[in-house]
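J.: Have a look at this one.
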Amino acid sequence: MINSQWERIAGRLRDEVGDAAWRSWLRPVVVHSLKDGAVRLALPTRFMRDWVATHYGERLRVLWGAEDPSIRAVDIVVDAAATSAGKTALAKPTLVASSAPAAIAASPAAPEVEELGAQLDPRLTFKNFVVGKPNEFAYAAARRVAEAAQVSFNPLFLYGGVGLGKTHLMHAIAWHIREHDPSRRVLYLSAEKFMYRFIRALRSQDTMSFKEQFRSVDVLMVDDVQFIAGKDATQEEFFHTFNALVDQGRQIVISADKSPSDLEGMEERLKSRLNSGLVADLHATTYELRLGILESKAEQMGVPVPPKVMEFLAHKIASNVRELEGALNRVVAHSQLVGRAITLETTQEVLHDLLRASDRRITIEEIQKRVAEHFNIKLAEMGSARRSRQVARPRQVAMYLAKQLTSRSLPEIGRKFGGRDHTTVMHAVKKVEELKASDQNFSEDVDLLRRMLQG
Ligand SMILES: Nc1ncnc2c1ncn2[C@@H]1O[C@H](COP(=O)(O)OP(=O)(O)OP(=O)(O)O)[C@@H](O)[C@H]1O
């Protein structure tokens with residue numbers, strides 16, 4: 001009976017606290033016993049016990065009292081064996097999200113289309129995508145494609161550096177369409193998979209059905225198209241598939257790590273096709289966006305992460321969102337495994353390898369050198385007082401990149417540029433952002449530099 005009471009209470013709590021918090025904190029609860037008007041519940045670690053007692057202790061008591069008025073108290077104890085009962089959240093991949101994406105078959109699509117494509121990750125939705133300045137344009141374009149009843153721009157071409165959210169936006173488009181218009185057949189796959197399917201069809205001399213399958217979809221989404229650069233036969237096939245779908249008014253969404261014009265090893269006619277719709281760039285993240293993403297991920301996990309820790313991570317892990325997410329997962333997993341609260345000290349301890357690598361990764365001196373070479377000016381101009389456009393612009397670009405790629409503060413960056421004030425650095429960052437938004441060539445130039453520096 002006590003277990004059926006718990007089932008009802010757990011159901012209520014799940015509605016009250018939401019799925020994420022329930023999975024993290026309440027699903028691991030094991031009901032131990034009922035004795036002398038007190039229910040005993042167990043959790044596998046001290047940290048979890050304290051958390052549940054503080055946040056849900058009173059609510060548990062009230063709900064249990066409502067089930068059985070003779071119950072006056074709820075004791076929450078630590079019992080490591082609760083873990084081995086397989087009931088703990090620690091083992092659940094949902095908690096340590098990036099290590100094991102819980103891909104599911106997303107399936108109102110026709111079975112043959114489903115088989116042809118890749119599975120969609122249920123976490124990669126618009127709702128879970130944090131929007132900030134660097135990705136707002138790409139996000140808006142993706143939403144438009146997902147929501148439009150008619151094809152608006154064809155193709156939508158999303159590009160940006162590693163781990164900045166291209167795949168996330170593509171999955172989000174696919175989820176949105178499947179949810180709101182299940183009759184449309186959406187096919188999402190990587191360019192690599194496209195190639196292997198094509199090779200298989202060639203081998204089995206079955207290219208006709210390959211063509212038919214691909215040309216029967218309403219929305220074709222191909223991720224990481226740079227993969228087929230230099231692969232002539234696949235490009236040729238892709239080109240024809242592309243044309244056939246566009247001619248029939250079907251939507252195409254493509255992602256790549258570079259803009260169409262920068263895709264080396266790609267045929268000119270394909271490049272120009274890829275350029276013919278809307279090209280949207282995901283820029284390197286800013287501190288504010290990284291912080292927003294951390295807050296959102298922590299909330300999804302239902303784990304309390306002190307603001308100081310999130311600020312620290314947002315400062316230190318500036319490379320890309322995947323690494324940022326990985327760092328947060330490590331910190332959370334560590335805290336739950338050892339049963340200790342997350343603090344700045346434990347974070348530094350757990351991530352010492354990553355932090356050392358990120359500190360070592362790119363220096364302001366390296367940035368200055370690369371940018372000076374790129375714009376063909378003397379390295380000394382980075383710190384000089386000269387203000388002519390010819391040297392001021394590269395200097396601003398170097399300051400912008402220093403802000404983006406290192407964890408140095410504005411005053412620190414200013415000091416490295418001939419002892420300039422932090423407001424000068426701030427102005428430079430703003431100026432470069434404005435120019436990037438208004439001048440595509442300039443934007444591509446800066447992104448190219450960033451990628452070169454990131455290796
Ligand atoms: N704005 C964002 N909000 C929330 N999560 C994000 C955001 N941007 C990226 N992510 C997360 O970062 C991780 C990496 O993103 P994603 O796989 O989409 O990157 P990508 O640009 O496709 O990288 P790659 O070039 O390696 O294919 C994913 O887990 C994704 O959910």
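Letters for chains follow the order of the structure tokens (A, B, ...), residue numbers begin at 1 for each chain, and ligand numbers begin at 1 in the order shown.
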Residues within 7 Å of ligand 1 should be enumerated using only C-alpha atoms and all ligand atoms and returned as a ChimeraX atom specification.
T.: /A:98,124,128-131,135,160-169,224,257,293,321-322,325
J.: Near A:Arg72, within 8 Å and counting only C-alpha atoms, which residues show up once chain neighbours fewer than 2 positions away are dropped, as a list of chain:residue names?
T.: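 Near neighbours after the sequence-gap exclusion: A:Gly37, A:Ala38, A:Arg61, A:Gly65, A:Pro69, A:Ser70, A:Val74.
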J.: How would the residues just picked look written out with N, CA and C atoms as an mmCIF file, in the first residue's frame?
T.:
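This is the output file again37.cif:
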data_model
loop_
_atom_site.group_PDB
_atom_site.id
_atom_site.type_symbol
_atom_site.label_atom_id
_atom_site.label_comp_id
_atom_site.auth_asym_id
_atom_site.auth_seq_id
_atom_site.Cartn_x
_atom_site.Cartn_y
_atom_site.Cartn_z
ATOM 1 N N GLY A 37 4.115 6.266 12.426
ATOM 2 C CA GLY A 37 3.600 7.510 11.814
ATOM 3 C C GLY A 37 4.625 8.263 10.995
ATOM 4 N N ALA A 38 5.738 7.611 10.668
ATOM 5 C CA ALA A 38 6.746 8.295 9.831
ATOM 6 C C ALA A 38 7.117 7.412 8.630
ATOM 7 N N ARG A 61 5.589 15.814 3.064
ATOM 8 C CA ARG A 61 4.855 15.553 4.304
ATOM 9 C C ARG A 61 3.356 15.851 4.126
ATOM 10 N N GLY A 65 0.435 13.166 4.216
ATOM 11 C CA GLY A 65 -0.621 13.351 5.232
ATOM 12 C C GLY A 65 -1.999 13.276 4.577
ATOM 13 N N PRO A 69 -3.814 10.212 6.940
ATOM 14 C CA PRO A 69 -3.703 11.204 8.021
ATOM 15 C C PRO A 69 -2.869 10.718 9.214
ATOM 16 N N SER A 70 -2.654 9.380 9.303
ATOM 17 C CA SER A 70 -1.857 8.921 10.452
ATOM 18 C C SER A 70 -0.361 9.211 10.230
ATOM 19 N N VAL A 74 7.959 12.684 7.448
ATOM 20 C CA VAL A 74 8.663 12.005 6.352
ATOM 21 C C VAL A 74 10.157 12.131 6.646
#
J.: Report as a PyMOL selection string all protein, DNA and RNA residues lying within 10 Å of stretch 51-59 of chain A, evaluated on only C-alpha atoms, omitting residues in the same chain fewer than 6 positions from it.
T.: chain A and resi 9+13+17+25-26+29+43+45+65+73-77+303-304+341
J.: Restricting it to N, CA and C atoms, dump the selection as a PDB file, in the first residue's frame.
T.:
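selection_17.pdb was written with the following content:
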ATOM      1  N   ILE A   9       1.629  10.020  -5.070  1.00  0.00           N
ATOM      2  CA  ILE A   9       2.319  11.256  -4.648  1.00  0.00           C
ATOM      3  C   ILE A   9       3.361  11.661  -5.698  1.00  0.00           C
ATOM      4  N   LEU A  13       3.715  15.142  -7.722  1.00  0.00           N
ATOM      5  CA  LEU A  13       4.939  15.952  -7.674  1.00  0.00           C
ATOM      6  C   LEU A  13       5.515  16.179  -9.063  1.00  0.00           C
ATOM      7  N   VAL A  17       6.495  19.843 -10.182  1.00  0.00           N
ATOM      8  CA  VAL A  17       7.876  20.359 -10.296  1.00  0.00           C
ATOM      9  C   VAL A  17       8.418  20.277 -11.723  1.00  0.00           C
ATOM     10  N   TRP A  25      15.607  14.448  -9.095  1.00  0.00           N
ATOM     11  CA  TRP A  25      15.554  14.378  -7.638  1.00  0.00           C
ATOM     12  C   TRP A  25      14.540  13.387  -7.078  1.00  0.00           C
ATOM     13  N   LEU A  26      13.432  13.217  -7.753  1.00  0.00           N
ATOM     14  CA  LEU A  26      12.374  12.420  -7.131  1.00  0.00           C
ATOM     15  C   LEU A  26      12.277  10.997  -7.664  1.00  0.00           C
ATOM     16  N   VAL A  29      14.077   8.396  -5.612  1.00  0.00           N
ATOM     17  CA  VAL A  29      13.641   8.100  -4.242  1.00  0.00           C
ATOM     18  C   VAL A  29      13.199   6.638  -4.115  1.00  0.00           C
ATOM     19  N   LEU A  43      17.645   8.121  -0.410  1.00  0.00           N
ATOM     20  CA  LEU A  43      18.308   8.607  -1.625  1.00  0.00           C
ATOM     21  C   LEU A  43      19.766   8.171  -1.582  1.00  0.00           C
ATOM     22  N   THR A  45      22.699   9.625  -2.224  1.00  0.00           N
ATOM     23  CA  THR A  45      23.818  10.450  -1.726  1.00  0.00           C
ATOM     24  C   THR A  45      23.311  11.488  -0.736  1.00  0.00           C
ATOM     25  N   GLY A  65       0.435  13.166   4.216  1.00  0.00           N
ATOM     26  CA  GLY A  65      -0.621  13.351   5.232  1.00  0.00           C
ATOM     27  C   GLY A  65      -1.999  13.276   4.577  1.00  0.00           C
ATOM     28  N   ALA A  73       5.132  12.398   9.667  1.00  0.00           N
ATOM     29  CA  ALA A  73       6.495  12.830   9.336  1.00  0.00           C
ATOM     30  C   ALA A  73       7.038  12.048   8.148  1.00  0.00           C
ATOM     31  N   VAL A  74       7.959  12.684   7.448  1.00  0.00           N
ATOM     32  CA  VAL A  74       8.663  12.005   6.352  1.00  0.00           C
ATOM     33  C   VAL A  74      10.157  12.131   6.646  1.00  0.00           C
ATOM     34  N   ASP A  75      10.810  11.006   6.875  1.00  0.00           N
ATOM     35  CA  ASP A  75      12.263  11.034   7.119  1.00  0.00           C
ATOM     36  C   ASP A  75      12.977  10.710   5.812  1.00  0.00           C
ATOM     37  N   ILE A  76      13.987  11.501   5.525  1.00  0.00           N
ATOM     38  CA  ILE A  76      14.727  11.206   4.286  1.00  0.00           C
ATOM     39  C   ILE A  76      16.149  10.828   4.680  1.00  0.00           C
ATOM     40  N   VAL A  77      16.554   9.642   4.264  1.00  0.00           N
ATOM     41  CA  VAL A  77      17.859   9.135   4.699  1.00  0.00           C
ATOM     42  C   VAL A  77      18.747   8.841   3.479  1.00  0.00           C
ATOM     43  N   VAL A 303      19.158  20.943 -11.961  1.00  0.00           N
ATOM     44  CA  VAL A 303      20.253  20.927 -10.998  1.00  0.00           C
ATOM     45  C   VAL A 303      20.621  22.370 -10.616  1.00  0.00           C
ATOM     46  N   PRO A 304      20.780  22.625  -9.319  1.00  0.00           N
ATOM     47  CA  PRO A 304      21.145  23.989  -8.924  1.00  0.00           C
ATOM     48  C   PRO A 304      22.640  24.223  -9.137  1.00  0.00           C
ATOM     49  N   ALA A 341      28.062  19.463  -3.068  1.00  0.00           N
ATOM     50  CA  ALA A 341      27.465  20.572  -3.810  1.00  0.00           C
ATOM     51  C   ALA A 341      28.478  21.126  -4.811  1.00  0.00           C
TER      52      ALA A 341
END
J.: Which residues in stretch 158-407 of chain A does DSSP call strand (DSSP E)? List them as number ranges by chain.
T.: A: 158-160, 186-190, 219-223, 251-256, 278-282
J.: Could you give me, as a ChimeraX atom specification, each residue of stretch 336-422 of chain A that DSSP assigns to alpha helix (DSSP H) when run on this structure's backbone?
T.: /A:336-338,344-350,352-361,364-375,389-405,410-416,422
J.: So, with only C-alpha atoms as the atoms that count, which of A:Arg250, A:His32, A:Arg203, A:His315 lies closest to A:Arg185?
T.: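 So, comparing all the options, the nearest one is A:Arg250.
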J.: Near A:Met426, within 12 Å and counting only C-alpha atoms, which residues show up once chain neighbours fewer than 3 positions away are dropped, as a list in words?
T.: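 Selected residues are Gln396, Val397, Met399, Tyr400, Leu401, Ala402, Lys403, Gln404, Ser409, Leu410, Pro411, Glu412, Ile413, Gly414, Arg420, Asp421, His422, Thr423, Val429, Lys430, Lys431, Val432 and Glu433 of chain A.
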J.: Counting only C-alpha atoms, which residue out of A:Asn329, A:Ser183, A:Asn275, A:Asn320 sits closest to A:Ala298?
T.: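 Smallest distance to A:Ala298 is found for A:Asn329.
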J.: For A:Tyr196, list every protein, DNA or RNA residue within 12 Å, evaluated using only C-alpha atoms, and leave out those in the same chain fewer than 5 positions away; present the list as a VMD selection string.
T.: chain A and resid 116 to 117 189 to 191 201 to 203 210 227 to 228 231 233 to 234
J.: Give me, please, the distance in Å between atom CA of A:Leu435 and atom CA of A:His283, quoted to one decimal.
T.: 13.2 Å
J.: Name all residues at most 10 Å from A:Leu291 (count only C-alpha atoms; drop same-chain ones fewer than 5 positions away) and give them as a JSON list (two decimals) with N, CA and C atoms, in the first residue's frame.
T.:
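Once everything was written out, this is selection-v9.json:
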[["chain", "number", "residue", "atom", "x", "y", "z"],
["A", 130, "VAL", "N", 18.84, 28.54, -27.17],
["A", 130, "VAL", "CA", 18.95, 29.86, -26.55],
["A", 130, "VAL", "C", 19.40, 30.86, -27.63],
["A", 285, "THR", "N", 30.10, 32.39, -30.16],
["A", 285, "THR", "CA", 29.25, 32.82, -29.05],
["A", 285, "THR", "C", 29.85, 34.01, -28.31],
["A", 286, "THR", "N", 28.98, 34.77, -27.68],
["A", 286, "THR", "CA", 29.44, 35.83, -26.78],
["A", 286, "THR", "C", 29.33, 35.31, -25.35],
["A", 296, "SER", "N", 20.08, 27.74, -19.11],
["A", 296, "SER", "CA", 19.02, 26.91, -19.67],
["A", 296, "SER", "C", 19.32, 25.41, -19.48],
["A", 297, "LYS", "N", 20.58, 25.02, -19.69],
["A", 297, "LYS", "CA", 20.93, 23.60, -19.55],
["A", 297, "LYS", "C", 20.78, 23.16, -18.09],
["A", 307, "PRO", "N", 25.39, 30.73, -9.57],
["A", 307, "PRO", "CA", 25.67, 31.70, -10.64],
["A", 307, "PRO", "C", 27.17, 31.92, -10.84],
["A", 310, "MET", "N", 28.54, 29.34, -13.08],
["A", 310, "MET", "CA", 28.13, 29.51, -14.49],
["A", 310, "MET", "C", 28.91, 30.67, -15.12],
["A", 311, "GLU", "N", 29.10, 31.75, -14.36],
["A", 311, "GLU", "CA", 29.86, 32.88, -14.91],
["A", 311, "GLU", "C", 31.29, 32.45, -15.22],
["A", 312, "PHE", "N", 31.83, 31.67, -14.32],
["A", 312, "PHE", "CA", 33.20, 31.19, -14.50],
["A", 312, "PHE", "C", 33.30, 30.35, -15.78],
["A", 313, "LEU", "N", 32.37, 29.42, -15.92],
["A", 313, "LEU", "CA", 32.41, 28.56, -17.11],
["A", 313, "LEU", "C", 32.20, 29.37, -18.39],
["A", 314, "ALA", "N", 31.27, 30.33, -18.32],
["A", 314, "ALA", "CA", 31.00, 31.14, -19.53],
["A", 314, "ALA", "C", 32.23, 31.95, -19.93],
["A", 315, "HIS", "N", 33.03, 32.35, -18.94],
["A", 315, "HIS", "CA", 34.26, 33.08, -19.23],
["A", 315, "HIS", "C", 35.32, 32.17, -19.81],
["A", 324, "LEU", "N", 31.20, 23.63, -23.88],
["A", 324, "LEU", "CA", 30.60, 24.28, -22.71],
["A", 324, "LEU", "C", 29.62, 23.32, -22.03]]
